[in-house]
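Undergrad: Contents of start.csv (CSV, C-alpha atoms):
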chain,number,residue,atom,x,y,z
A,4,MET,CA,64.1,144.9,59.4
A,5,GLN,CA,62.4,143.4,62.5
A,6,HIS,CA,62.5,145.9,65.4
A,7,VAL,CA,62.4,144.4,68.9
A,8,PHE,CA,61.9,146.6,71.9
A,9,ILE,CA,62.9,145.0,75.3
A,10,ILE,CA,61.5,146.4,78.5
A,11,GLY,CA,61.5,145.1,82.0
A,12,SER,CA,65.2,144.8,82.7
A,13,LYS,CA,67.2,147.5,84.4
A,14,GLY,CA,69.1,147.8,81.1
A,15,ILE,CA,72.6,147.4,79.7
A,16,PRO,CA,75.5,147.3,80.1
A,17,ALA,CA,74.6,144.6,82.6
A,18,ARG,CA,75.9,145.0,86.1
A,19,TYR,CA,73.8,142.5,88.0
A,20,GLY,CA,70.6,140.5,87.6
A,21,GLY,CA,69.3,137.7,85.4
A,22,PHE,CA,67.3,139.7,83.0
A,23,GLU,CA,70.1,142.3,82.6
A,24,THR,CA,72.6,139.5,81.8
A,25,PHE,CA,70.1,138.0,79.4
A,26,VAL,CA,69.7,141.3,77.4
A,27,GLU,CA,73.5,141.8,77.5
A,28,LYS,CA,74.1,138.3,76.0
A,29,LEU,CA,71.2,138.6,73.5
A,30,THR,CA,72.5,141.8,72.0
A,31,GLU,CA,76.2,141.0,72.3
A,32,GLY,CA,75.8,137.7,70.4
A,33,LYS,CA,73.3,138.9,67.8
A,34,LYS,CA,73.7,137.0,64.6
A,35,SER,CA,70.8,138.2,62.4
A,36,LYS,CA,71.4,141.4,60.4
A,37,ASN,CA,67.6,141.7,60.1
A,38,ILE,CA,66.9,142.4,63.8
A,39,GLN,CA,67.3,145.7,65.5
A,40,TYR,CA,67.1,145.8,69.3
A,41,HIS,CA,65.9,148.7,71.4
A,42,VAL,CA,66.5,148.4,75.1
A,43,ALA,CA,64.9,150.3,78.0
A,44,CYS,CA,67.4,151.4,80.7
A,45,MET,CA,66.5,152.6,84.2
A,46,SER,CA,68.7,155.6,84.2
A,47,GLY,CA,68.9,159.3,85.0
A,48,GLU,CA,70.7,159.9,81.7
A,49,LYS,CA,69.1,162.3,79.2
A,50,GLU,CA,70.5,161.0,75.9
A,51,ASP,CA,70.0,157.7,74.1
A,52,PHE,CA,73.1,155.7,73.5
A,53,TRP,CA,74.3,152.5,71.7
A,54,HIS,CA,75.6,149.3,73.2
A,55,ASN,CA,76.3,146.0,71.5
A,56,GLY,CA,74.6,147.5,68.4
A,57,ALA,CA,71.4,148.0,70.4
A,58,HIS,CA,69.6,151.4,70.6
A,59,CYS,CA,69.4,152.0,74.4
A,60,PHE,CA,66.9,154.6,75.7
A,61,PRO,CA,67.0,155.8,79.3
A,62,VAL,CA,63.9,156.0,81.4
A,63,LYS,CA,64.0,158.2,84.5
A,64,VAL,CA,62.0,156.7,87.4
A,65,PRO,CA,60.9,158.6,90.6
A,66,ASP,CA,61.5,156.9,93.9
A,67,ILE,CA,58.0,155.7,94.7
A,68,GLY,CA,58.7,152.5,96.5
A,69,PRO,CA,57.3,149.1,95.3
A,70,ALA,CA,55.5,150.9,92.5
A,71,LYS,CA,58.8,152.0,90.9
A,72,ALA,CA,59.1,148.9,88.7
A,73,VAL,CA,55.5,149.2,87.5
A,74,TYR,CA,56.0,152.9,86.6
A,75,TYR,CA,59.3,152.1,84.8
A,76,ASP,CA,57.7,149.4,82.6
A,77,VAL,CA,54.7,151.6,81.7
A,78,ALA,CA,56.9,154.6,80.9
A,79,ALA,CA,59.2,152.4,78.8
A,80,PHE,CA,56.2,151.0,76.9
A,81,ARG,CA,54.9,154.5,76.2
A,82,TYR,CA,58.3,155.4,74.9
A,83,CYS,CA,58.2,152.4,72.6
A,84,ASN,CA,54.8,153.4,71.2
A,85,ARG,CA,56.0,156.9,70.6
A,86,TYR,CA,59.2,155.8,68.9
A,87,ILE,CA,57.4,153.3,66.7
A,88,ARG,CA,54.8,155.9,65.7
A,89,GLU,CA,57.3,158.6,65.0
A,90,HIS,CA,59.5,156.4,62.9
A,91,GLY,CA,56.7,154.6,61.0
A,92,ILE,CA,57.7,151.2,62.1
A,93,ARG,CA,55.4,148.4,61.2
A,94,GLY,CA,55.2,145.0,62.9
A,95,ALA,CA,57.4,145.8,65.9
A,96,ILE,CA,57.7,143.5,68.9
A,97,VAL,CA,57.7,144.8,72.4
A,98,TYR,CA,59.2,142.1,74.6
A,99,VAL,CA,58.1,142.6,78.2
A,100,LEU,CA,60.2,140.8,80.9
A,101,ALA,CA,58.0,139.8,83.8
A,102,CYS,CA,54.3,140.4,84.5
A,103,ARG,CA,54.3,143.6,86.4
A,104,ILE,CA,52.0,145.8,84.2
A,105,GLY,CA,48.9,143.6,83.7
A,106,PRO,CA,46.4,146.3,84.7
A,107,PHE,CA,47.9,148.7,82.1
A,108,ILE,CA,48.8,146.3,79.3
A,109,LYS,CA,45.5,146.7,77.3
A,110,TYR,CA,46.0,150.5,77.3
A,111,CYS,CA,49.7,150.2,76.4
A,112,LYS,CA,49.0,147.8,73.6
A,113,LYS,CA,46.3,149.8,71.9
A,114,SER,CA,48.6,152.1,70.1
A,115,LEU,CA,51.0,149.3,69.2
A,116,CYS,CA,48.3,147.2,67.6
A,117,LYS,CA,47.5,150.2,65.3
A,118,MET,CA,51.0,149.9,63.9
A,119,GLY,CA,50.7,146.1,63.4
A,120,GLY,CA,52.9,145.5,66.5
A,121,LYS,CA,52.8,142.6,69.0
A,122,VAL,CA,53.5,142.1,72.6
A,123,TYR,CA,55.7,139.2,73.7
A,124,VAL,CA,56.0,138.4,77.4
A,125,ASN,CA,58.5,136.5,79.5
A,126,PRO,CA,56.3,135.4,82.5
A,127,ASP,CA,59.4,134.8,84.7
A,128,GLY,CA,58.5,132.7,87.8
A,129,HIS,CA,55.7,132.6,90.4
A,130,GLU,CA,56.3,136.1,91.7
A,131,TRP,CA,53.0,136.0,93.5
A,132,LYS,CA,54.3,133.2,95.7
A,133,ARG,CA,57.2,135.2,97.1
A,134,ALA,CA,57.1,135.5,100.9
A,135,LYS,CA,58.4,139.1,100.9
A,136,TRP,CA,55.1,140.4,99.5
A,137,ASN,CA,52.1,141.1,101.6
A,138,CYS,CA,48.7,139.7,100.7
A,139,ILE,CA,47.7,142.8,98.7
A,140,ILE,CA,50.8,142.8,96.5
A,141,LYS,CA,50.5,139.0,96.0
A,142,LYS,CA,47.0,139.5,94.7
A,143,TYR,CA,48.2,142.3,92.4
A,144,TRP,CA,50.9,140.0,91.0
A,145,LYS,CA,48.5,137.2,90.3
A,146,LEU,CA,45.9,139.5,88.7
A,147,SER,CA,48.7,141.2,86.7
A,148,GLU,CA,49.9,137.8,85.5
A,149,LYS,CA,46.4,136.9,84.3
A,150,TRP,CA,46.1,140.0,82.2
A,151,MET,CA,49.6,139.7,80.8
A,152,VAL,CA,48.7,136.2,79.6
A,153,LYS,CA,45.4,137.4,78.2
A,154,TYR,CA,46.8,140.2,76.1
A,155,SER,CA,50.1,138.8,75.0
A,156,ASP,CA,50.6,137.5,71.5
A,157,LEU,CA,53.3,135.1,72.7
A,158,LEU,CA,54.6,134.0,76.0
A,159,ILE,CA,58.3,133.0,76.0
A,160,CYS,CA,58.9,130.8,79.0
A,161,ASP,CA,62.4,130.0,80.3
A,162,SER,CA,61.1,126.9,82.1
A,163,ARG,CA,59.0,124.0,80.7
A,164,ASN,CA,57.3,123.9,84.1
A,165,ILE,CA,56.3,127.5,83.8
A,166,GLU,CA,55.0,126.9,80.3
A,167,LYS,CA,52.9,124.0,81.6
A,168,TYR,CA,51.6,126.1,84.5
A,169,ILE,CA,50.5,128.9,82.1
A,170,GLN,CA,48.7,126.5,79.9
A,171,LYS,CA,47.0,124.8,82.8
A,172,ALA,CA,46.1,128.0,84.8
A,173,TYR,CA,44.7,130.1,81.9
A,174,PRO,CA,43.1,127.7,79.3
A,175,LYS,CA,40.2,130.2,78.6
A,176,TYR,CA,42.7,132.6,77.0
A,177,ASN,CA,44.2,129.8,74.8
A,178,PRO,CA,47.7,131.2,75.5
A,179,ARG,CA,50.3,130.9,72.7
A,180,THR,CA,53.6,129.8,74.4
A,181,THR,CA,57.0,128.6,73.5
A,182,TYR,CA,60.0,127.5,75.6
A,183,ILE,CA,63.5,129.1,75.4
A,184,SER,CA,65.7,128.7,78.4
A,185,TYR,CA,68.0,131.1,80.1
A,186,GLY,CA,71.7,130.6,79.4
A,187,ALA,CA,75.1,130.1,81.0
A,188,VAL,CA,78.8,130.0,79.9
A,189,ARG,CA,81.0,127.0,80.6
A,190,GLU,CA,84.4,128.7,80.9
A,191,LYS,CA,87.0,129.1,83.6
A,192,SER,CA,87.5,132.4,85.5
A,193,ALA,CA,90.3,134.5,84.2
A,194,LEU,CA,91.5,134.9,87.8
A,195,ARG,CA,94.5,132.8,88.8
A,196,GLU,CA,95.4,131.5,92.3
A,197,ASP,CA,97.8,134.3,92.8
A,198,SER,CA,95.4,137.0,91.6
A,199,ALA,CA,95.3,140.0,93.9
A,200,ARG,CA,91.5,140.2,93.7
A,201,TRP,CA,91.1,136.5,94.6
A,202,GLN,CA,93.6,136.6,97.4
A,203,ALA,CA,92.1,139.8,98.8
A,204,TRP,CA,88.6,138.2,98.8
A,205,THR,CA,89.7,135.0,100.5
A,206,ALA,CA,91.8,136.7,103.1
A,207,GLY,CA,89.2,139.3,103.8
A,208,HIS,CA,86.5,136.7,104.6
A,209,GLY,CA,88.7,134.0,106.1
A,210,VAL,CA,87.9,131.6,103.3
A,211,THR,CA,90.1,128.7,102.2
A,212,PRO,CA,89.8,127.6,98.6
A,213,GLY,CA,88.2,124.1,98.2
A,214,GLU,CA,87.2,124.1,101.9
A,215,TYR,CA,83.7,125.6,101.7
A,216,PHE,CA,80.1,124.8,100.7
A,217,LEU,CA,78.6,127.7,98.8
A,218,VAL,CA,75.2,129.4,98.6
A,219,VAL,CA,74.5,132.2,96.1
A,220,GLY,CA,71.1,134.0,95.9
A,221,ARG,CA,68.8,136.8,96.9
A,222,PHE,CA,68.2,137.1,100.7
A,223,VAL,CA,64.6,136.0,100.7
A,224,PRO,CA,62.7,133.3,102.6
A,225,GLU,CA,61.7,131.2,99.5
A,226,ASN,CA,65.4,130.5,98.9
A,227,ASN,CA,65.3,128.4,102.1
A,228,TYR,CA,68.2,129.9,104.0
A,229,GLU,CA,66.7,128.7,107.3
A,230,THR,CA,66.6,125.1,106.3
A,231,ILE,CA,70.1,125.2,104.7
A,232,ILE,CA,71.7,126.9,107.8
A,233,LYS,CA,69.9,124.6,110.3
A,234,GLU,CA,70.9,121.5,108.4
A,235,PHE,CA,74.5,122.6,107.9
A,236,MET,CA,74.8,123.5,111.6
A,237,LYS,CA,73.6,120.0,112.5
A,238,SER,CA,76.2,118.4,110.2
A,239,SER,CA,79.6,117.1,111.4
A,240,VAL,CA,81.6,118.7,108.5
A,241,SER,CA,84.5,120.9,109.3
A,242,ARG,CA,84.3,123.0,106.1
A,243,ASP,CA,82.6,126.4,106.1
A,244,LEU,CA,79.2,127.5,104.7
A,245,VAL,CA,79.8,130.6,102.6
A,246,LEU,CA,76.7,132.6,101.7
A,247,VAL,CA,76.9,135.2,98.9
A,248,THR,CA,73.8,137.3,99.3
A,249,ASN,CA,72.5,140.8,100.0
A,250,VAL,CA,71.9,140.5,103.7
A,251,GLU,CA,69.4,143.0,105.0
A,252,LYS,CA,69.0,143.6,108.7
A,253,ASN,CA,65.2,143.2,108.4
A,254,ARG,CA,62.6,141.0,110.0
A,255,PHE,CA,63.7,138.0,108.0
A,256,TYR,CA,67.2,138.4,109.1
A,257,GLU,CA,66.2,138.7,112.8
A,258,ASN,CA,64.0,135.6,112.6
A,259,LEU,CA,66.8,133.7,110.8
A,260,ARG,CA,69.2,134.7,113.6
A,261,LYS,CA,66.8,133.8,116.3
A,262,ASN,CA,65.7,130.5,114.8
A,263,THR,CA,69.1,129.2,113.8
A,264,GLY,CA,71.6,130.8,116.1
A,265,PHE,CA,74.0,131.0,113.2
A,266,GLU,CA,76.2,133.6,114.9
A,267,GLN,CA,77.4,131.0,117.3
A,268,ASP,CA,78.8,128.8,114.5
A,269,ARG,CA,82.1,129.9,113.1
A,270,ARG,CA,81.5,127.9,110.0
A,271,ILE,CA,78.6,130.1,108.8
A,272,LYS,CA,80.0,133.1,106.9
A,273,PHE,CA,77.8,135.7,105.3
A,274,VAL,CA,80.1,137.5,102.8
A,275,GLY,CA,77.8,140.0,101.1
A,276,THR,CA,77.2,140.3,97.4
A,277,ILE,CA,79.8,139.9,94.6
A,278,TYR,CA,79.3,142.1,91.5
A,279,ASP,CA,82.7,141.2,90.0
A,280,GLN,CA,81.6,138.4,87.7
A,281,GLU,CA,85.1,137.0,87.2
A,282,LEU,CA,85.5,136.9,91.0
A,283,LEU,CA,82.1,135.3,91.5
A,284,ARG,CA,83.0,132.6,88.9
A,285,LYS,CA,86.3,131.9,90.8
A,286,VAL,CA,84.3,131.6,94.1
A,287,ARG,CA,82.0,129.1,92.4
A,288,GLU,CA,84.9,127.1,90.9
A,289,GLU,CA,86.8,126.8,94.2
A,290,ALA,CA,83.7,125.7,96.2
A,291,PHE,CA,83.7,122.2,97.6
A,292,ALA,CA,80.0,122.0,96.7
A,293,TYR,CA,77.1,124.3,95.9
A,294,ILE,CA,73.8,124.2,97.8
A,295,HIS,CA,70.7,125.5,96.0
A,296,GLY,CA,67.5,126.1,97.9
A,297,HIS,CA,65.5,128.2,95.4
A,298,GLU,CA,61.9,126.9,95.0
A,299,VAL,CA,60.0,129.8,93.3
A,300,GLY,CA,60.6,130.7,89.7
A,301,GLY,CA,61.7,129.2,86.4
A,302,THR,CA,65.2,128.5,85.2
A,303,ASN,CA,67.3,130.1,87.8
A,304,PRO,CA,70.5,131.9,86.5
A,305,SER,CA,72.4,131.2,89.7
A,306,LEU,CA,71.7,127.4,89.3
A,307,LEU,CA,73.0,127.4,85.7
A,308,GLU,CA,76.1,129.2,86.7
A,309,ALA,CA,76.7,126.7,89.5
A,310,LEU,CA,76.3,123.8,87.2
A,311,ALA,CA,78.7,125.4,84.8
A,312,CYS,CA,81.4,126.1,87.5
A,313,THR,CA,81.1,123.9,90.5
A,314,GLU,CA,81.8,120.2,90.6
A,315,VAL,CA,79.1,119.0,93.0
A,316,ASN,CA,75.7,120.6,93.3
A,317,LEU,CA,73.1,119.9,96.0
A,318,LEU,CA,69.7,121.0,94.9
A,319,LEU,CA,66.3,121.3,96.6
A,320,GLU,CA,64.0,118.7,95.0
A,321,VAL,CA,61.5,120.8,93.0
A,322,GLY,CA,60.4,120.5,89.4
A,323,PHE,CA,62.3,123.7,88.3
A,324,ASN,CA,65.6,122.5,89.6
A,325,ARG,CA,65.2,118.9,88.4
A,326,GLU,CA,64.3,120.1,84.9
A,327,VAL,CA,67.5,122.1,84.7
A,328,ALA,CA,70.1,119.8,86.3
A,329,ASP,CA,68.6,116.3,85.6
A,330,LYS,CA,71.3,113.7,86.6
A,331,GLY,CA,74.0,116.3,87.0
A,332,ALA,CA,73.2,117.1,90.6
A,333,LEU,CA,72.1,115.5,93.9
A,334,TYR,CA,68.8,116.4,95.5
A,335,TRP,CA,67.4,117.1,99.0
A,336,GLY,CA,64.0,117.7,100.5
A,337,LYS,CA,63.0,119.9,103.4
A,338,LYS,CA,62.4,116.9,105.8
A,339,PRO,CA,64.7,117.3,108.8
A,340,GLY,CA,68.0,115.5,108.4
A,341,ASP,CA,67.7,115.2,104.6
A,342,LEU,CA,70.2,117.9,103.6
A,343,ARG,CA,72.4,117.2,106.6
A,344,ARG,CA,72.9,113.6,105.4
A,345,LEU,CA,73.6,114.8,101.9
A,346,ILE,CA,76.2,117.3,103.1
A,347,GLU,CA,78.0,114.6,105.1
A,348,ASN,CA,77.8,112.1,102.3
A,349,CYS,CA,79.3,114.8,100.0
A,350,GLU,CA,82.3,115.0,102.3
A,351,ASN,CA,82.9,111.3,101.9
A,352,MET,CA,82.5,111.3,98.2
A,353,GLY,CA,85.4,110.0,96.1
A,354,GLU,CA,87.1,112.0,93.3
A,355,ALA,CA,85.7,109.6,90.7
A,356,GLU,CA,82.1,110.3,91.7
A,357,ARG,CA,82.7,114.0,91.9
A,358,LYS,CA,84.2,114.0,88.4
A,359,ILE,CA,81.1,112.1,87.0
A,360,LEU,CA,78.8,114.7,88.5
A,361,ASP,CA,80.9,117.5,87.1
A,362,GLU,CA,80.9,116.0,83.6
A,363,LEU,CA,77.1,115.5,83.7
A,364,SER,CA,76.4,119.0,84.8
A,365,ALA,CA,78.8,120.4,82.3
A,366,GLY,CA,77.1,118.4,79.6
A,367,ARG,CA,73.7,119.9,80.5
A,368,ILE,CA,75.1,123.4,80.2
A,369,GLU,CA,76.8,122.8,76.8
A,370,GLU,CA,73.9,120.9,75.3
A,371,GLN,CA,70.9,122.7,76.6
A,372,PHE,CA,71.9,126.1,78.0
A,373,GLY,CA,74.6,127.5,75.8
A,374,TRP,CA,74.0,131.2,74.9
A,375,ASP,CA,74.8,130.6,71.2
A,376,LYS,CA,71.9,128.1,71.1
A,377,ILE,CA,69.5,130.4,73.0
A,378,ILE,CA,70.3,133.4,70.9
A,379,ARG,CA,69.6,131.5,67.7
A,380,GLU,CA,66.3,130.3,69.2
A,381,TYR,CA,65.2,133.9,70.1
A,382,GLU,CA,66.2,135.2,66.7
A,383,GLY,CA,64.1,132.4,65.1
A,384,VAL,CA,61.1,133.4,67.2
A,385,PHE,CA,61.5,137.1,66.5
A,386,GLY,CA,62.1,136.5,62.8
A,387,LEU,CA,58.8,134.6,62.6
A,388,ALA,CA,56.9,137.6,63.8
A,389,GLY,CA,56.9,139.1,60.3
A,390,THR,CA,55.6,136.0,58.7
A,391,GLY,CA,52.1,136.0,60.4
A,392,ASP,CA,48.9,137.7,59.6
A,393,GLY,CA,49.7,140.8,61.5
A,394,SER,CA,46.8,140.2,63.9
A,395,CYS,CA,47.1,141.5,67.4
A,396,VAL,CA,45.5,140.0,70.6
A,397,GLN,CA,43.2,142.7,72.0
I'd like the structure from this file rewritten - as structure tokens, please.

TA:
Amino acid sequence: MQHVFIIGSKGIPARYGGFETFVEKLTEGKKSKNIQYHVACMSGEKEDFWHNGAHCFPVKVPDIGPAKAVYYDVAAFRYCNRYIREHGIRGAIVYVLACRIGPFIKYCKKSLCKMGGKVYVNPDGHEWKRAKWNCIIKKYWKLSEKWMVKYSDLLICDSRNIEKYIQKAYPKYNPRTTYISYGAVREKSALREDSARWQAWTAGHGVTPGEYFLVVGRFVPENNYETIIKEFMKSSVSRDLVLVTNVEKNRFYENLRKNTGFEQDRRIKFVGTIYDQELLRKVREEAFAYIHGHEVGGTNPSLLEALACTEVNLLLEVGFNREVADKGALYWGKKPGDLRRLIENCENMGEAERKILDELSAGRIEEQFGWDKIIREYEGVFGLAGTGDGSCVQ
């Protein structure tokens, strides 16, 4: 039996977030009888529990600000080591999602190596580039990433661009990497046009089905909200711009309000977050087009979901986005007027052209990003762990 301990997500059952959805799908769709998953859950619960056949262990975390996530991962890793030791498990894998605990990874791994275990890491995206961090935290993220690469036995990258970056940035560690993407589901929402949940949402926000451009993502500068809003406000389109995001009345919000004047444009509608996944899928399906401005990170879950649900997708031209969508989307740059023209051209697009884009994006999801394919690839990688020499990078 290959034991795989997954830490770094907030846990399952998944309520939100890309890593949480990944762990949910990985355990829910498990095919191999020779793999046992153990999942860390950020929770105040006292007892372990089972979900999707996975052993879930709660980790209580004090409210210590930005260090909370680091504390959580270290505490979860210590639990894994203790559980592995007490149960005499040989050759376990601890799969760490994101590079938060670099300064502590050598210490955490010492006990694991004694039991023939290995550390696998998902490096996620370029967290050290995110604008929300100050210079000290950015330096921590970059240093942490370096140490996670140095001490990992395998880095599982969900983007080929991230894999190339790891190999180029850290050649002296000769990192062992592989590529397995994030996934998405190509299926219609269970909500119908007359569904009470759907009608309540549209009425509550003054949204007309098929008459809005859509943005979904975290409320952070690197998702280019300012560029999107400015370009949309300059456009001549009559449709709305619906933004599904966790708006925080912080400095970023105040600068955005000041620099764009979006409050004066009735078409701009911030509607908050949507945790109801069926409703969110319906919102995506009914959008006239989706606008994606993310430029930091690997394979973005929000982009995959848009390609699976929305006919026309307008993406910021960066390597991560082009890698995912290929010919199944239209691309824009941050040069003034670029996105505005694309938005206006989208309004004049015929049904035949929209259908072609929809078919191309759907094909990308079905061929490259289906969960069934991704689960098999992960199980193949985890299954190979027991066929090596048992050595551990130290």

Undergrad: Set out as a Markdown table a contact list for stretch 358-384 of chain A and stretch 173-195 of chain A with a cut-off of 7 Å, giving each residue of stretch 358-384 of chain A that qualifies its closest atom pair and distance in Å to one decimal, counting all atoms listed in the file, ordered by chain and rising residue number.

TA:
| residue | atom | partner | partner_atom | distance |
| --- | --- | --- | --- | --- |
| A:Ile368 | CA | A:Ala187 | CA | 6.7 |
| A:Phe372 | CA | A:Gly186 | CA | 4.7 |
| A:Gly373 | CA | A:Gly186 | CA | 5.6 |
| A:Trp374 | CA | A:Gly186 | CA | 5.1 |
| A:Ile377 | CA | A:Ile183 | CA | 6.6 |
| A:Glu380 | CA | A:Ile183 | CA | 6.9 |

Undergrad: Calculated over all atoms listed in the file, which of the candidates A:Glu314, A:Ile92, A:Phe8, A:Cys102 has the smallest distance to A:Phe60?

TA: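 Looking at the shortest contact to A:Phe60, the residue is A:Phe8.
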
Undergrad: Give the answer as one residue: which of A:Lys167, A:Arg221, A:Lys233, A:Arg260 has the shortest atom-to-atom distance to A:Val247, using only C-alpha atoms?

TA: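 When distances to A:Val247 are compared using only C-alpha atoms, the smallest one comes from A:Arg221.
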
Undergrad: Measuring atom to atom with only C-alpha atoms, identify which of A:Ala172, A:Val315, A:Phe385, A:Val7 is nearest to A:Glu354.

TA: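 Result for the nearest residue to A:Glu354: A:Val315.
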
Undergrad: One decimal, Å: what's the distance from atom CA of A:Glu288 over to atom CA of A:Leu307, could you say?

TA: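 A separation of 13.0 Å between them.
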
Undergrad: Please list as a PyMOL selection string every residue within 9 Å of stretch 11-26 of chain A, counting all atoms listed in the file and excluding residues in the same chain fewer than 4 positions away.

TA: chain A and resi 30-31+42-46+54-55+59-61+72+75-76+79+98-103+185-186+278-280+303-305

Undergrad: May I ask for the distance between atom CA of A:Arg242 and atom CA of A:Arg325, given in Å to one decimal place?

TA: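 Atom CA of A:Arg242 sits 26.4 Å away from atom CA of A:Arg325.
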
Undergrad: Could you give me, as a PyMOL selection string, the residues within 10 Å of A:Phe235, counting only C-alpha atoms and dropping anything in the same chain fewer than 3 positions from it?

TA: chain A and resi 216+229-232+238-240+242-244+265+270-271+340+342-347

Undergrad: May I have the selected residues written with C-alpha atoms, as an mmCIF file, keeping the file's coordinate frame?

TA:
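Contents of the output file part_3.cif:
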data_model
loop_
_atom_site.group_PDB
_atom_site.id
_atom_site.type_symbol
_atom_site.label_atom_id
_atom_site.label_comp_id
_atom_site.auth_asym_id
_atom_site.auth_seq_id
_atom_site.Cartn_x
_atom_site.Cartn_y
_atom_site.Cartn_z
ATOM 1 C CA PHE A 216 80.100 124.800 100.700
ATOM 2 C CA GLU A 229 66.700 128.700 107.300
ATOM 3 C CA THR A 230 66.600 125.100 106.300
ATOM 4 C CA ILE A 231 70.100 125.200 104.700
ATOM 5 C CA ILE A 232 71.700 126.900 107.800
ATOM 6 C CA SER A 238 76.200 118.400 110.200
ATOM 7 C CA SER A 239 79.600 117.100 111.400
ATOM 8 C CA VAL A 240 81.600 118.700 108.500
ATOM 9 C CA ARG A 242 84.300 123.000 106.100
ATOM 10 C CA ASP A 243 82.600 126.400 106.100
ATOM 11 C CA LEU A 244 79.200 127.500 104.700
ATOM 12 C CA PHE A 265 74.000 131.000 113.200
ATOM 13 C CA ARG A 270 81.500 127.900 110.000
ATOM 14 C CA ILE A 271 78.600 130.100 108.800
ATOM 15 C CA GLY A 340 68.000 115.500 108.400
ATOM 16 C CA LEU A 342 70.200 117.900 103.600
ATOM 17 C CA ARG A 343 72.400 117.200 106.600
ATOM 18 C CA ARG A 344 72.900 113.600 105.400
ATOM 19 C CA LEU A 345 73.600 114.800 101.900
ATOM 20 C CA ILE A 346 76.200 117.300 103.100
ATOM 21 C CA GLU A 347 78.000 114.600 105.100
#

Undergrad: By how many Å are atom CA of A:Glu225 and atom CA of A:Val321 apart?

TA: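 Atom CA of A:Glu225 sits 12.3 Å away from atom CA of A:Val321.
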
Undergrad: Would you please work out which residue, of A:Lys34, A:Asn324, A:Asp341, A:Ile10, is nearest to A:Gly386 when using all atoms listed in the file?

TA: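 Closest to A:Gly386 of all the choices is A:Lys34.
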